[in-house]
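Trainee: Sending over model.pdb (PDB, C-alpha atoms, pLDDT in the B column).
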ATOM      1  CA  MET F   1      16.254  -7.749  74.018  1.00 37.00           C
ATOM      2  CA  ARG F   2      15.123  -4.779  71.960  1.00 40.00           C
ATOM      3  CA  ARG F   3      11.414  -4.355  71.374  1.00 41.00           C
ATOM      4  CA  GLU F   4      12.004  -4.409  67.602  1.00 42.00           C
ATOM      5  CA  ASN F   5      13.002  -8.058  67.792  1.00 42.00           C
ATOM      6  CA  ARG F   6       9.854  -9.227  69.580  1.00 42.00           C
ATOM      7  CA  PRO F   7       6.555 -10.003  67.837  1.00 41.00           C
ATOM      8  CA  SER F   8       4.075  -7.255  68.577  1.00 41.00           C
ATOM      9  CA  GLN F   9       1.300  -5.226  67.044  1.00 41.00           C
ATOM     10  CA  THR F  10       2.370  -1.944  65.457  1.00 39.00           C
ATOM     11  CA  LYS F  11       0.106   1.062  65.870  1.00 42.00           C
ATOM     12  CA  PHE F  12      -1.169   2.232  62.496  1.00 43.00           C
ATOM     13  CA  SER F  13       0.071   5.613  61.266  1.00 46.00           C
ATOM     14  CA  ARG F  14      -3.150   6.195  59.370  1.00 52.00           C
ATOM     15  CA  THR F  15      -6.721   5.013  59.774  1.00 47.00           C
ATOM     16  CA  VAL F  16      -8.738   3.120  57.185  1.00 43.00           C
ATOM     17  CA  LYS F  17     -10.541   6.311  56.142  1.00 45.00           C
ATOM     18  CA  GLU F  18      -7.283   8.201  55.683  1.00 55.00           C
ATOM     19  CA  TRP F  19      -5.802   5.804  53.111  1.00 52.00           C
ATOM     20  CA  VAL F  20      -5.279   7.716  49.834  1.00 62.00           C
ATOM     21  CA  MET F  21      -2.061   6.289  48.352  1.00 82.00           C
ATOM     22  CA  THR F  22      -1.781   4.319  45.136  1.00 92.00           C
ATOM     23  CA  VAL F  23       0.067   1.020  45.516  1.00 97.00           C
ATOM     24  CA  GLY F  24       2.438  -0.315  42.870  1.00 98.00           C
ATOM     25  CA  ILE F  25       2.530  -4.046  42.119  1.00 98.00           C
ATOM     26  CA  ILE F  26       5.421  -5.610  40.225  1.00 98.00           C
ATOM     27  CA  GLY F  27       4.444  -9.101  39.173  1.00 98.00           C
ATOM     28  CA  ALA F  28       1.030 -10.233  37.936  1.00 97.00           C
ATOM     29  CA  GLY F  29       1.237 -13.921  38.749  1.00 95.00           C
ATOM     30  CA  ASN F  30      -0.632 -15.758  41.485  1.00 95.00           C
ATOM     31  CA  ILE F  31       0.393 -13.574  44.434  1.00 96.00           C
ATOM     32  CA  GLY F  32       0.518 -10.278  42.536  1.00 98.00           C
ATOM     33  CA  GLY F  33      -2.897 -10.932  41.009  1.00 97.00           C
ATOM     34  CA  ALA F  34      -4.381 -12.000  44.340  1.00 98.00           C
ATOM     35  CA  PHE F  35      -3.012  -8.883  46.039  1.00 98.00           C
ATOM     36  CA  ALA F  36      -4.453  -6.710  43.266  1.00 98.00           C
ATOM     37  CA  THR F  37      -7.814  -8.424  43.741  1.00 98.00           C
ATOM     38  CA  ALA F  38      -7.747  -7.760  47.485  1.00 98.00           C
ATOM     39  CA  LEU F  39      -6.873  -4.091  46.898  1.00 97.00           C
ATOM     40  CA  ALA F  40      -9.691  -3.743  44.370  1.00 97.00           C
ATOM     41  CA  LYS F  41     -12.214  -5.168  46.826  1.00 96.00           C
ATOM     42  CA  ALA F  42     -11.081  -2.619  49.406  1.00 95.00           C
ATOM     43  CA  GLY F  43     -11.217   0.266  46.946  1.00 95.00           C
ATOM     44  CA  ILE F  44      -7.464   0.922  47.078  1.00 96.00           C
ATOM     45  CA  GLU F  45      -5.987   2.260  43.852  1.00 96.00           C
ATOM     46  CA  ALA F  46      -3.120   0.303  42.357  1.00 97.00           C
ATOM     47  CA  VAL F  47      -0.871   0.107  39.308  1.00 98.00           C
ATOM     48  CA  ILE F  48       0.082  -3.450  38.358  1.00 98.00           C
ATOM     49  CA  ALA F  49       2.916  -4.287  35.971  1.00 98.00           C
ATOM     50  CA  ASN F  50       4.787  -7.254  34.556  1.00 97.00           C
ATOM     51  CA  SER F  51       7.646  -7.880  32.155  1.00 94.00           C
ATOM     52  CA  ARG F  52       5.335  -8.290  29.157  1.00 95.00           C
ATOM     53  CA  GLY F  53       3.817  -4.823  29.276  1.00 95.00           C
ATOM     54  CA  PRO F  54       0.419  -3.299  30.130  1.00 97.00           C
ATOM     55  CA  GLU F  55      -1.330  -4.789  27.107  1.00 96.00           C
ATOM     56  CA  SER F  56      -0.827  -8.295  28.488  1.00 97.00           C
ATOM     57  CA  LEU F  57      -2.800  -7.356  31.603  1.00 97.00           C
ATOM     58  CA  THR F  58      -5.959  -6.147  29.870  1.00 95.00           C
ATOM     59  CA  MET F  59      -8.019  -9.188  30.845  1.00 95.00           C
ATOM     60  CA  LEU F  60      -6.843  -9.125  34.461  1.00 95.00           C
ATOM     61  CA  VAL F  61      -7.561  -5.454  35.112  1.00 96.00           C
ATOM     62  CA  SER F  62     -10.936  -5.665  33.350  1.00 96.00           C
ATOM     63  CA  LYS F  63     -12.023  -8.056  36.115  1.00 95.00           C
ATOM     64  CA  LEU F  64     -10.771  -5.838  38.929  1.00 95.00           C
ATOM     65  CA  GLY F  65     -12.672  -2.629  38.296  1.00 92.00           C
ATOM     66  CA  SER F  66     -11.651   0.997  37.993  1.00 94.00           C
ATOM     67  CA  THR F  67      -9.300   1.207  40.996  1.00 96.00           C
ATOM     68  CA  VAL F  68      -6.612  -1.042  39.486  1.00 97.00           C
ATOM     69  CA  ARG F  69      -4.916  -0.224  36.193  1.00 97.00           C
ATOM     70  CA  ALA F  70      -2.102  -1.766  34.190  1.00 98.00           C
ATOM     71  CA  GLY F  71       1.115   0.181  33.809  1.00 97.00           C
ATOM     72  CA  SER F  72       4.788  -0.143  33.058  1.00 97.00           C
ATOM     73  CA  LEU F  73       7.344  -1.418  35.553  1.00 97.00           C
ATOM     74  CA  GLN F  74       8.537   2.171  35.929  1.00 97.00           C
ATOM     75  CA  GLU F  75       5.014   3.382  36.747  1.00 97.00           C
ATOM     76  CA  ALA F  76       4.503   0.681  39.355  1.00 98.00           C
ATOM     77  CA  ALA F  77       7.905   1.376  40.910  1.00 98.00           C
ATOM     78  CA  ALA F  78       7.132   5.103  41.088  1.00 97.00           C
ATOM     79  CA  GLN F  79       4.455   4.606  43.754  1.00 96.00           C
ATOM     80  CA  ASP F  80       5.278   5.271  47.416  1.00 91.00           C
ATOM     81  CA  ILE F  81       4.488   1.658  48.344  1.00 97.00           C
ATOM     82  CA  VAL F  82       5.432  -1.150  45.969  1.00 98.00           C
ATOM     83  CA  LEU F  83       4.754  -4.866  46.352  1.00 98.00           C
ATOM     84  CA  VAL F  84       7.069  -7.202  44.473  1.00 98.00           C
ATOM     85  CA  ALA F  85       5.891 -10.759  43.733  1.00 98.00           C
ATOM     86  CA  VAL F  86       8.007 -12.251  40.953  1.00 97.00           C
ATOM     87  CA  PRO F  87       9.313 -15.782  40.338  1.00 96.00           C
ATOM     88  CA  TRP F  88      12.516 -16.045  42.349  1.00 96.00           C
ATOM     89  CA  SER F  89      14.962 -16.436  39.476  1.00 95.00           C
ATOM     90  CA  LYS F  90      13.451 -13.464  37.623  1.00 96.00           C
ATOM     91  CA  ILE F  91      13.567 -10.916  40.438  1.00 97.00           C
ATOM     92  CA  PRO F  92      16.949  -9.370  39.530  1.00 97.00           C
ATOM     93  CA  GLY F  93      15.849  -8.778  35.933  1.00 96.00           C
ATOM     94  CA  ALA F  94      12.447  -7.413  36.949  1.00 97.00           C
ATOM     95  CA  LEU F  95      13.974  -4.849  39.305  1.00 97.00           C
ATOM     96  CA  ALA F  96      16.979  -3.857  37.176  1.00 96.00           C
ATOM     97  CA  GLY F  97      17.111  -0.131  36.467  1.00 96.00           C
ATOM     98  CA  LEU F  98      14.272   0.770  38.832  1.00 97.00           C
ATOM     99  CA  ASN F  99      14.741   3.317  41.617  1.00 97.00           C
ATOM    100  CA  PHE F 100      13.296   2.421  45.023  1.00 97.00           C
ATOM    101  CA  ASP F 101      15.247   4.914  47.121  1.00 97.00           C
ATOM    102  CA  GLY F 102      13.154   5.930  50.148  1.00 96.00           C
ATOM    103  CA  LYS F 103      10.147   3.890  49.036  1.00 97.00           C
ATOM    104  CA  ILE F 104       8.361   1.198  51.014  1.00 98.00           C
ATOM    105  CA  VAL F 105       8.906  -2.073  49.173  1.00 98.00           C
ATOM    106  CA  ILE F 106       6.953  -5.151  50.224  1.00 98.00           C
ATOM    107  CA  ASP F 107       8.804  -8.408  49.705  1.00 98.00           C
ATOM    108  CA  ALA F 108       6.084 -10.946  48.914  1.00 98.00           C
ATOM    109  CA  ASN F 109       8.465 -13.401  47.277  1.00 97.00           C
ATOM    110  CA  ASN F 110       9.301 -17.015  48.040  1.00 96.00           C
ATOM    111  CA  SER F 111      12.559 -18.684  47.043  1.00 96.00           C
ATOM    112  CA  ILE F 112      10.855 -21.479  45.151  1.00 93.00           C
ATOM    113  CA  GLU F 113       9.084 -21.563  41.793  1.00 88.00           C
ATOM    114  CA  ALA F 114       7.296 -23.755  39.284  1.00 82.00           C
ATOM    115  CA  PRO F 115       7.615 -26.231  37.715  1.00 86.00           C
ATOM    116  CA  LEU F 116      10.163 -28.059  39.883  1.00 83.00           C
ATOM    117  CA  TYR F 117       9.463 -26.290  43.202  1.00 86.00           C
ATOM    118  CA  ARG F 118      12.977 -26.900  44.416  1.00 90.00           C
ATOM    119  CA  PRO F 119      14.205 -24.507  47.128  1.00 92.00           C
ATOM    120  CA  ALA F 120      16.766 -22.054  45.818  1.00 94.00           C
ATOM    121  CA  ASP F 121      20.276 -22.167  47.231  1.00 94.00           C
ATOM    122  CA  LEU F 122      20.419 -19.031  49.380  1.00 95.00           C
ATOM    123  CA  GLY F 123      23.947 -19.595  50.635  1.00 95.00           C
ATOM    124  CA  GLY F 124      22.860 -19.444  54.253  1.00 93.00           C
ATOM    125  CA  ARG F 125      21.112 -16.077  53.860  1.00 96.00           C
ATOM    126  CA  THR F 126      17.395 -15.379  54.103  1.00 96.00           C
ATOM    127  CA  SER F 127      15.505 -14.692  50.897  1.00 97.00           C
ATOM    128  CA  THR F 128      14.595 -11.237  52.208  1.00 98.00           C
ATOM    129  CA  ASP F 129      18.253 -10.425  52.829  1.00 98.00           C
ATOM    130  CA  ILE F 130      18.990 -11.229  49.195  1.00 98.00           C
ATOM    131  CA  PHE F 131      15.925  -9.296  48.035  1.00 98.00           C
ATOM    132  CA  THR F 132      16.846  -6.230  50.084  1.00 98.00           C
ATOM    133  CA  ALA F 133      20.209  -6.035  48.332  1.00 98.00           C
ATOM    134  CA  LEU F 134      18.338  -5.711  45.019  1.00 98.00           C
ATOM    135  CA  VAL F 135      16.375  -2.628  46.142  1.00 98.00           C
ATOM    136  CA  PRO F 136      19.043  -0.311  47.629  1.00 97.00           C
ATOM    137  CA  GLY F 137      17.629   2.571  49.621  1.00 97.00           C
ATOM    138  CA  ALA F 138      14.210   0.951  50.008  1.00 98.00           C
ATOM    139  CA  ARG F 139      12.445   0.395  53.316  1.00 98.00           C
ATOM    140  CA  VAL F 140      11.662  -3.298  53.001  1.00 98.00           C
ATOM    141  CA  VAL F 141       8.728  -4.985  54.705  1.00 98.00           C
ATOM    142  CA  LYS F 142       8.200  -8.724  54.424  1.00 98.00           C
ATOM    143  CA  ALA F 143       4.494  -9.534  54.009  1.00 98.00           C
ATOM    144  CA  PHE F 144       1.838 -11.221  51.870  1.00 98.00           C
ATOM    145  CA  ASN F 145       4.016 -14.232  51.000  1.00 97.00           C
ATOM    146  CA  HIS F 146       2.804 -16.786  53.545  1.00 96.00           C
ATOM    147  CA  LEU F 147      -0.866 -17.064  52.540  1.00 95.00           C
ATOM    148  CA  THR F 148      -2.097 -18.927  49.475  1.00 95.00           C
ATOM    149  CA  PRO F 149      -3.394 -16.754  46.609  1.00 96.00           C
ATOM    150  CA  LYS F 150      -6.914 -18.003  47.337  1.00 95.00           C
ATOM    151  CA  GLN F 151      -6.657 -16.946  50.981  1.00 95.00           C
ATOM    152  CA  LEU F 152      -5.159 -13.584  50.052  1.00 97.00           C
ATOM    153  CA  SER F 153      -7.823 -12.702  47.499  1.00 97.00           C
ATOM    154  CA  GLY F 154     -10.722 -14.269  49.392  1.00 95.00           C
ATOM    155  CA  ASP F 155     -12.817 -13.066  52.296  1.00 96.00           C
ATOM    156  CA  PRO F 156     -10.515 -12.587  55.314  1.00 96.00           C
ATOM    157  CA  ARG F 157     -13.522 -13.136  57.604  1.00 93.00           C
ATOM    158  CA  SER F 158     -14.687 -16.379  56.000  1.00 87.00           C
ATOM    159  CA  GLU F 159     -13.454 -18.471  58.952  1.00 85.00           C
ATOM    160  CA  GLY F 160     -15.575 -16.585  61.483  1.00 89.00           C
ATOM    161  CA  GLY F 161     -12.841 -14.183  62.583  1.00 94.00           C
ATOM    162  CA  ARG F 162     -10.096 -12.190  60.854  1.00 96.00           C
ATOM    163  CA  ARG F 163      -7.441 -14.174  59.010  1.00 97.00           C
ATOM    164  CA  VAL F 164      -3.971 -13.419  60.390  1.00 97.00           C
ATOM    165  CA  LEU F 165      -1.366 -11.822  58.142  1.00 97.00           C
ATOM    166  CA  PHE F 166       2.217 -11.515  59.406  1.00 98.00           C
ATOM    167  CA  TYR F 167       4.637  -8.752  58.532  1.00 98.00           C
ATOM    168  CA  SER F 168       8.121  -7.669  59.577  1.00 98.00           C
ATOM    169  CA  GLY F 169      10.604  -4.916  58.843  1.00 98.00           C
ATOM    170  CA  ASN F 170      13.329  -2.715  60.278  1.00 98.00           C
ATOM    171  CA  ASP F 171      11.601   0.626  59.627  1.00 98.00           C
ATOM    172  CA  MET F 172       8.717   1.297  62.032  1.00 97.00           C
ATOM    173  CA  ARG F 173       7.026   3.897  59.801  1.00 96.00           C
ATOM    174  CA  ALA F 174       7.154   1.570  56.822  1.00 97.00           C
ATOM    175  CA  LYS F 175       5.645  -1.248  58.858  1.00 97.00           C
ATOM    176  CA  ALA F 176       2.880   1.050  60.071  1.00 96.00           C
ATOM    177  CA  GLU F 177       1.943   1.892  56.479  1.00 96.00           C
ATOM    178  CA  VAL F 178       1.841  -1.778  55.514  1.00 97.00           C
ATOM    179  CA  ALA F 179      -0.137  -2.547  58.672  1.00 97.00           C
ATOM    180  CA  ALA F 180      -2.687   0.040  57.551  1.00 96.00           C
ATOM    181  CA  ILE F 181      -3.091  -1.765  54.223  1.00 97.00           C
ATOM    182  CA  ILE F 182      -3.496  -5.089  56.002  1.00 97.00           C
ATOM    183  CA  ASP F 183      -6.196  -3.591  58.224  1.00 96.00           C
ATOM    184  CA  ARG F 184      -7.953  -1.966  55.274  1.00 96.00           C
ATOM    185  CA  LEU F 185      -8.058  -5.324  53.506  1.00 97.00           C
ATOM    186  CA  GLY F 186      -9.778  -6.859  56.533  1.00 96.00           C
ATOM    187  CA  PHE F 187      -6.926  -9.014  57.820  1.00 97.00           C
ATOM    188  CA  PHE F 188      -5.532  -9.063  61.346  1.00 97.00           C
ATOM    189  CA  GLY F 189      -1.895  -8.023  61.118  1.00 98.00           C
ATOM    190  CA  ILE F 190       0.757  -9.292  63.518  1.00 98.00           C
ATOM    191  CA  ASP F 191       4.154  -7.606  63.629  1.00 98.00           C
ATOM    192  CA  LEU F 192       6.960 -10.181  63.890  1.00 98.00           C
ATOM    193  CA  GLY F 193       9.623  -7.554  64.568  1.00 98.00           C
ATOM    194  CA  GLY F 194      12.727  -6.907  62.496  1.00 98.00           C
ATOM    195  CA  LEU F 195      13.638  -8.649  59.261  1.00 98.00           C
ATOM    196  CA  ALA F 196      16.409 -10.733  60.807  1.00 96.00           C
ATOM    197  CA  VAL F 197      13.815 -12.632  62.862  1.00 97.00           C
ATOM    198  CA  GLY F 198      10.479 -12.041  61.159  1.00 97.00           C
ATOM    199  CA  SER F 199      11.522 -12.874  57.605  1.00 97.00           C
ATOM    200  CA  GLN F 200      12.872 -16.246  58.753  1.00 96.00           C
ATOM    201  CA  LEU F 201       9.586 -17.105  60.459  1.00 97.00           C
ATOM    202  CA  VAL F 202       7.564 -16.560  57.266  1.00 97.00           C
ATOM    203  CA  GLN F 203      10.166 -17.759  54.778  1.00 96.00           C
ATOM    204  CA  PHE F 204       8.887 -20.397  52.407  1.00 95.00           C
ATOM    205  CA  PRO F 205      10.209 -22.995  52.310  1.00 93.00           C
ATOM    206  CA  GLY F 206      11.759 -23.397  55.745  1.00 93.00           C
ATOM    207  CA  GLY F 207       9.845 -21.062  58.045  1.00 95.00           C
ATOM    208  CA  PRO F 208       7.253 -22.361  60.528  1.00 96.00           C
ATOM    209  CA  LEU F 209       4.442 -19.900  59.752  1.00 96.00           C
ATOM    210  CA  PRO F 210       3.554 -20.348  56.035  1.00 94.00           C
ATOM    211  CA  ALA F 211       2.011 -23.751  56.776  1.00 84.00           C
ATOM    212  CA  LEU F 212      -0.505 -22.177  59.179  1.00 90.00           C
ATOM    213  CA  ASN F 213      -3.889 -20.606  58.452  1.00 91.00           C
ATOM    214  CA  LEU F 214      -4.548 -18.653  61.637  1.00 95.00           C
ATOM    215  CA  VAL F 215      -7.661 -16.662  62.501  1.00 95.00           C
ATOM    216  CA  LYS F 216      -8.076 -13.996  65.196  1.00 95.00           C
ATOM    217  CA  PHE F 217     -11.481 -14.157  66.840  1.00 94.00           C
ATOM    218  CA  ASP F 218     -12.797 -10.866  68.241  1.00 82.00           C
TER     219      ASP F 218
END
Kindly present the structure from the file in structure tokens form.

Mentor:
Amino acid sequence: MRRENRPSQTKFSRTVKEWVMTVGIIGAGNIGGAFATALAKAGIEAVIANSRGPESLTMLVSKLGSTVRAGSLQEAAAQDIVLVAVPWSKIPGALAGLNFDGKIVIDANNSIEAPLYRPADLGGRTSTDIFTALVPGARVVKAFNHLTPKQLSGDPRSEGGRRVLFYSGNDMRAKAEVAAIIDRLGFFGIDLGGLAVGSQLVQFPGGPLPALNLVKFD
């Protein structure tokens, strides 16, 4: 079996001190807002956007400090690393017309949404497989979807160790960049391998890992 298909820990391509990129966030709901909060706490600059425009995010960004600003969908998508966290049925519309060619795109989506919380019919595919088709040319990494918003925005060391955050992807460099963000945020990242395996393990609903709150003790 190839190494890419086995869970492992990816070596980071950059250290915590070397992180200088601005992260784009498309979606300002529970997960997008929690991710923005975590980035703000770590001093990572970000541009967050939603379908209603920057003015609708004034209250949110005022709570996050100077490192996170509201922008348009185009501004968020223009960053080298972009996290997408949008209600499942609205993803195609949110991404329409945006160019992600060559960019690292983090799939933080789950194929379920309020108010009914019924699993979407994926036709036997994984949600990440469907998502990847919507961002042609992107280097997709699945991450940040399996923790609750409270866990994602809270203290990753509150349980006495480092809360575990899983990620997977087919591009090793892209995974290394996302691993660096995870480390900067204070989480303990675990590489689940390629998307074919890793995205199924963290898929919600259906995967075995979203129900777990794991902590790595040093």

Trainee: Selected by the PyMOL selection byres ((chain F and resi 167-171) around 7) in the shown coordinates: which residues, as a list in words?

Mentor: Arg139, Val140, Val141, Lys142, Ala143, Leu165, Phe166, Met172, Arg173, Ala174, Lys175, Ile190, Asp191, Leu192, Gly193, Gly194, Leu195, Gly198 and Ser199 of chain F

Trainee: Write the residues you've just listed into a file as a short mmCIF file (atom, residue, chain, number, x, y, z; two decimals), in the frame of the given file, and include C-alpha atoms for each of them.

Mentor:
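Saved result, out02.cif, follows:
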data_model
loop_
_atom_site.label_atom_id
_atom_site.label_comp_id
_atom_site.auth_asym_id
_atom_site.auth_seq_id
_atom_site.Cartn_x
_atom_site.Cartn_y
_atom_site.Cartn_z
CA ARG F 139 12.44 0.40 53.32
CA VAL F 140 11.66 -3.30 53.00
CA VAL F 141 8.73 -4.99 54.70
CA LYS F 142 8.20 -8.72 54.42
CA ALA F 143 4.49 -9.53 54.01
CA LEU F 165 -1.37 -11.82 58.14
CA PHE F 166 2.22 -11.52 59.41
CA MET F 172 8.72 1.30 62.03
CA ARG F 173 7.03 3.90 59.80
CA ALA F 174 7.15 1.57 56.82
CA LYS F 175 5.64 -1.25 58.86
CA ILE F 190 0.76 -9.29 63.52
CA ASP F 191 4.15 -7.61 63.63
CA LEU F 192 6.96 -10.18 63.89
CA GLY F 193 9.62 -7.55 64.57
CA GLY F 194 12.73 -6.91 62.50
CA LEU F 195 13.64 -8.65 59.26
CA GLY F 198 10.48 -12.04 61.16
CA SER F 199 11.52 -12.87 57.60
#

Trainee: Which is closest to Pro208 in chain F among F:Gln79, F:Leu152, F:Ala96, F:His146, if we use all atoms listed in the file?

Mentor: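 Checking each of F:Gln79, F:Leu152, F:Ala96, F:His146 against Pro208 in chain F, counting all atoms listed in the file, the winner is F:His146.
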
Trainee: What does the distance from CA of Val202 in chain F to CA of Glu75 in chain F come to in Å, to one decimal?

Mentor: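 Pair CA of Val202 in chain F / CA of Glu75 in chain F returns 28.7 Å.
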
Trainee: Please indicate the distance in Å from CA of Ile106 in chain F to CA of Ile81 in chain F, rounded to one decimal place.

Mentor: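 Between these atoms lies a distance of 7.5 Å.
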
Trainee: For Ser56 in chain F, please output as an MDAnalysis selection string all residues within 12 Å (counting only C-alpha atoms; exclusion window: fewer than 4 positions along the same chain).

Mentor: chainID F and resid 27:29 48:52 60:62 69:72

Trainee: Distance CA of Asp129 in chain F-CA of Ile181 in chain F, one decimal place?

Mentor: 23.1 Å

Trainee: Measuring between all atoms listed in the file, which one of F:Ala85, F:Ala38, F:Leu134, F:Val164 shows the shortest distance to Asn99 in chain F?

Mentor: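 Nearest candidate to Asn99 in chain F out of F:Ala85, F:Ala38, F:Leu134, F:Val164: F:Leu134.
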
Trainee: I need the residue set behind the PyMOL selection byres ((chain F and resi 94) around 9) for this file; please write it as a ChimeraX atom specification.

Mentor: /F:26-27,50-51,73,86,90-93,95-98

Trainee: I'd like to see the residues matched by the PyMOL selection byres ((chain F and resi 108-112) around 7) on this file, and ideally I'd get them as a VMD selection string.

Mentor: chain F and resid 83 to 86 88 106 to 107 113 117 to 120 127 142 to 145 203 to 204

Trainee: Hey, which of F:Pro210, F:Gly123, F:Gly53, F:Gly102 ends up closest to Leu147 in chain F? Count only C-alpha atoms.

Mentor: F:Pro210

Trainee: I'd like to know which of F:Leu185, F:Ala179, F:Met21, F:Ala133 is closest to Lys41 in chain F, using only C-alpha atoms.

Mentor: F:Leu185

Trainee: Which is closer to Lys216 in chain F than all the others in F:Val178, F:Pro136, F:Pro156, F:Leu122, using all atoms listed in the file?

Mentor: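 Distance minimum relative to Lys216 in chain F lands on F:Pro156.
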
Trainee: From the set F:Asp155, F:Glu177, F:Thr67, F:Asn30, which residue has the shortest atom-to-atom contact distance to Ile104 in chain F, counting all atoms listed in the file?

Mentor: F:Glu177

Trainee: Mind listing whatever residues come within 7 Å of the point (0.6, -2.0, 43.9)? Use only C-alpha atoms, file coordinates, and give them as a short mmCIF file (atom, residue, chain, number, x, y, z; two decimals) with C-alpha atoms, in the frame of the given file.

Mentor:
data_model
loop_
_atom_site.label_atom_id
_atom_site.label_comp_id
_atom_site.auth_asym_id
_atom_site.auth_seq_id
_atom_site.Cartn_x
_atom_site.Cartn_y
_atom_site.Cartn_z
CA THR F 22 -1.78 4.32 45.14
CA VAL F 23 0.07 1.02 45.52
CA GLY F 24 2.44 -0.32 42.87
CA ILE F 25 2.53 -4.05 42.12
CA ALA F 36 -4.45 -6.71 43.27
CA ALA F 46 -3.12 0.30 42.36
CA VAL F 47 -0.87 0.11 39.31
CA ILE F 48 0.08 -3.45 38.36
CA ALA F 76 4.50 0.68 39.35
CA ILE F 81 4.49 1.66 48.34
CA VAL F 82 5.43 -1.15 45.97
CA LEU F 83 4.75 -4.87 46.35
#

Trainee: Go ahead and fit an axis-aligned box to every listed atom of range 195-198 of chain F plus 4 Å each side, and pass me the centre and edge lengths in Å, one decimal, as lines of an AutoDock Vina configuration file.

Mentor:
center_x = 13.4
center_y = -10.6
center_z = 61.1
size_x = 13.9
size_y = 12.0
size_z = 11.6
